[in-house]
Amino acid sequence: MQKGLTGSLLNALSIRYGESFYLLDSERFEQNYRELETAFRRYYPKFRIAYSYKTNYVPRLVQTVDRLGGWAEVVSDMELEIALRSGVEPRHIIWNGPVKDAKKAEGLLLAGGLINVDSLAELETIRSFALENPDAQLGIGIRCNYDVGDGVISRFGFDVQDEKFDRALRTIKEIPNLHLRALQAHFAKRDPRFWTERASGMLRIYDRVVSDYGMRPEILDLGGGIFGRMPESLRAQLGVDTISFDDYASRAAKLFAEHFGTQTDSPTLFVEPGTALAGDCMRFVAKVKTIKTVRGKPFATTLGSQKNISMSGVNPPMEIISGGVEQKHYDGLDIVGFTCIEGDILQKNYCGELAVGDYVVIGNCGSYSIVMKPPFILPNFPVLDIGGKEPELIKREERFEDLFETYFFS
Ligand SMILES: Cc1ncc(COP(=O)(O)O)c(C=O)c1O
């Protein structure tokens with residue numbers, strides 16, 4: 001459908017679905033996926049995306065990834081369940097994270113999925129499981145922790161300089177039905193400058209594992225931490241340079257291509273993007289409910305909150321769409337949320353036209369938004385996919401019963 005929003009469309013959606021809602025653009029998500037894949041495959045064709053579910057796990061998106069040949073990157077049994085219920089085959093699931101339900105992890109391993117271990121304790125659990133099931137072939141990976149010069153000492157995975165990393169490798173090598181399928185890492189800072197060291201650090205670890213242990217992992221996974229498209233206003237506020245997917249690919253995938261040349265058993269390079277795919281594919285629409293002035297300062301209260309978009313400390317990209325009521329001009333108006341938090345401000349010092357009944361449309365809120373919305377003061381709003389011909393409801397509004405089923409009232 002036409003992605004430009006009009007007052008009549010939003011009025012119609014608001015009558016049908018409620019006064020505030022998310023608009024997901026699954027077509028944009030798919031475009032981001034294809035562009036990222038093309039950027040990396042240009043240098044190194046053995047490349048695959050494993051989508052980071054935690055960023056935005058609406059089934060429509062995770063099913064899109066599956067359809068396009070991507071894998072699932074999950075970090076909990078809840079996310080594992082989302083993948084399985086979305087029809088993702090276990091062999092296309094990577095389970096990361098520091099805490100995993102042992103029984104569920106065993107189930108995934110038996111079904112051909114990949115578990116990246118975070119600690120020796122976790123490896124010990126898997127070792128026992130492998131010994132108890134000698135007929136099962138289990139493939140695991142190791143989360144690697146190394147310095148990429150980003151100033152962070154990460155708490156995740158194995159310090160590759162520590163003797164425990166070697167102990168883990170020896171353990172895997174000793175057990176005949178346990179196989180090292182992957183080396184994985186993730187670094188939160190999204191600056192492409194760190195990607196050269198991400199890739200070269202990983203390649204050094206790979207070479208060491210091959211030469212010292214004779215094991216050849218088939219997957220080298222560099223994790224997420226890739227910026228997606230964002231409007232100029234947001235980039236300026238975040239202090240981020242203009243960045244393209246090639247800025248990452250030309251650092252990581254190019255190094256892989258140079259390192260492995262025409263070697264036929266070269267590993268597949270994986271990345272685990274979240275924000276890069278989902279960030280710009282969702283908008284949040286909130287209706288303006290009241291406008292008032294306090295000691296000369298105008299405020300417009302909306303049926304929406306910072307909690308809906310998980311963005312604070314910036315003026316997020318925003319558009320005002322008239323709902324049809326005659327607007328007035330305001331200067332220095334704060335567009336604020338329905339919560340009782342003073343700082344729940346969606347837009348500071350707005351200067352322009354506005355009326356009650358207008359729609360505040362916040363862009364770039366596809367990542368870490370609905371997945372992080374707490375049941376604070378109000379249940380969350382519905383999600384409509386505008387990627388097709390007509391808007392389609394893909395998550396209904398949350399209701400009182402959805403949130404309070406777990407409490408005992410008596
Ligand atoms: C292991 C792992 N992979 C991927 C991601 C996705 O990161 P991003 O949204 O920056 O791409 C995260 C985010 O925390 C992560 O922890």
# chains A, B, ... in the order shown; residues from 1 in each chain; ligands from 1
$ residues_around --residues "A:Ile386" --least-positions-apart "5" --cutoff "12 Å" --atoms "only C-alpha atoms" --output "MDAnalysis selection string"
chainID A and resid 1:5 9 13 21:29 60 281:283 391:394
$ residues_around --residues "A:Gly323" --least-positions-apart "4" --cutoff "6 Å" --atoms "only C-alpha atoms" --output "list in words"
Gly7, Gly357 and Asp358 of chain A
$ closest_atom_pairs --of "chain A" --to "ligand 1" --cutoff "10 Å" --atoms "only C-alpha atoms and all ligand atoms" --output "Markdown table"
| residue | atom | partner | partner_atom_place_in_ligand_line | distance |
| --- | --- | --- | --- | --- |
| A:Ala50 | CA | ligand 1 | 4 (C) | 8.5 |
| A:Tyr51 | CA | ligand 1 | 4 (C) | 7.6 |
| A:Ser52 | CA | ligand 1 | 4 (C) | 5.1 |
| A:Tyr53 | CA | ligand 1 | 6 (C) | 8.1 |
| A:Lys54 | CA | ligand 1 | 13 (C) | 7.3 |
| A:Thr55 | CA | ligand 1 | 9 (O) | 5.9 |
| A:Asn56 | CA | ligand 1 | 9 (O) | 9.2 |
| A:Glu73 | CA | ligand 1 | 3 (N) | 7.0 |
| A:Val74 | CA | ligand 1 | 1 (C) | 8.2 |
| A:Val75 | CA | ligand 1 | 1 (C) | 7.5 |
| A:Ile94 | CA | ligand 1 | 1 (C) | 9.9 |
| A:Trp95 | CA | ligand 1 | 1 (C) | 9.0 |
| A:Asn96 | CA | ligand 1 | 1 (C) | 6.1 |
| A:Gly97 | CA | ligand 1 | 1 (C) | 6.6 |
| A:Pro98 | CA | ligand 1 | 1 (C) | 9.7 |
| A:Asn116 | CA | ligand 1 | 1 (C) | 9.8 |
| A:Arg143 | CA | ligand 1 | 1 (C) | 8.9 |
| A:Phe156 | CA | ligand 1 | 1 (C) | 8.9 |
| A:Gln184 | CA | ligand 1 | 1 (C) | 8.6 |
| A:Ala185 | CA | ligand 1 | 1 (C) | 7.2 |
| A:His186 | CA | ligand 1 | 1 (C) | 5.2 |
| A:Phe187 | CA | ligand 1 | 15 (C) | 7.6 |
| A:Ala188 | CA | ligand 1 | 10 (O) | 5.9 |
| A:Lys189 | CA | ligand 1 | 10 (O) | 7.4 |
| A:Arg190 | CA | ligand 1 | 10 (O) | 6.4 |
| A:Asp221 | CA | ligand 1 | 3 (N) | 9.4 |
| A:Leu222 | CA | ligand 1 | 3 (N) | 8.4 |
| A:Gly223 | CA | ligand 1 | 3 (N) | 4.7 |
| A:Gly224 | CA | ligand 1 | 11 (O) | 3.7 |
| A:Gly225 | CA | ligand 1 | 10 (O) | 3.3 |
| A:Ile226 | CA | ligand 1 | 11 (O) | 5.0 |
| A:Phe227 | CA | ligand 1 | 10 (O) | 7.0 |
| A:Gly228 | CA | ligand 1 | 11 (O) | 8.7 |
| A:Val271 | CA | ligand 1 | 4 (C) | 7.8 |
| A:Glu272 | CA | ligand 1 | 4 (C) | 4.6 |
| A:Pro273 | CA | ligand 1 | 11 (O) | 3.7 |
| A:Gly274 | CA | ligand 1 | 9 (O) | 3.6 |
| A:Thr275 | CA | ligand 1 | 9 (O) | 3.9 |
| A:Ala276 | CA | ligand 1 | 11 (O) | 5.9 |
| A:Leu277 | CA | ligand 1 | 11 (O) | 8.0 |
| A:Ala278 | CA | ligand 1 | 9 (O) | 8.3 |
| A:Gly279 | CA | ligand 1 | 9 (O) | 8.3 |
| A:Ser367 | CA | ligand 1 | 9 (O) | 7.0 |
| A:Tyr368 | CA | ligand 1 | 9 (O) | 8.0 |
$ residues_around --residues "stretch 176-183 of chain A" --least-positions-apart "6" --cutoff "6 Å" --atoms "only C-alpha atoms" --output "PyMOL selection string"
chain A and resi 137-142+217-220
$ atom_distance --atom1 "atom CA of A:Leu131" --atom2 "atom CA of A:Glu174"
10.9 Å
$ select_by_dssp --residues "stretch 108-346 of chain A" --states "helix (DSSP H, G or I)" --output "ChimeraX atom specification"
/A:108-110,120-132,163-174,192-213,232-238,245-260,275-281,306-309
$ select_by_dssp --residues "stretch 346-400 of chain A" --states "strand (DSSP E)" --output "list in words"
Leu346, Gln347, Lys348, Asn349, Tyr350, Cys351, Gly352, Glu353, Leu354, Tyr359, Val360, Val361, Ile362, Val383, Leu384, Asp385, Glu392, Leu393, Ile394 and Lys395 of chain A
$ atom_distance --atom1 "atom CA of A:Thr64" --atom2 "atom CA of A:Pro374"
26.0 Å
$ closest_residue --among "A:Pro382, A:Glu30, A:Phe40, A:Ser369" --to "A:Tyr248" --atoms "only C-alpha atoms"
A:Phe40
$ closest_residue --among "A:Met230, A:Asp66, A:Tyr350, A:Tyr57" --to "A:Leu80" --atoms "only C-alpha atoms"
A:Tyr57
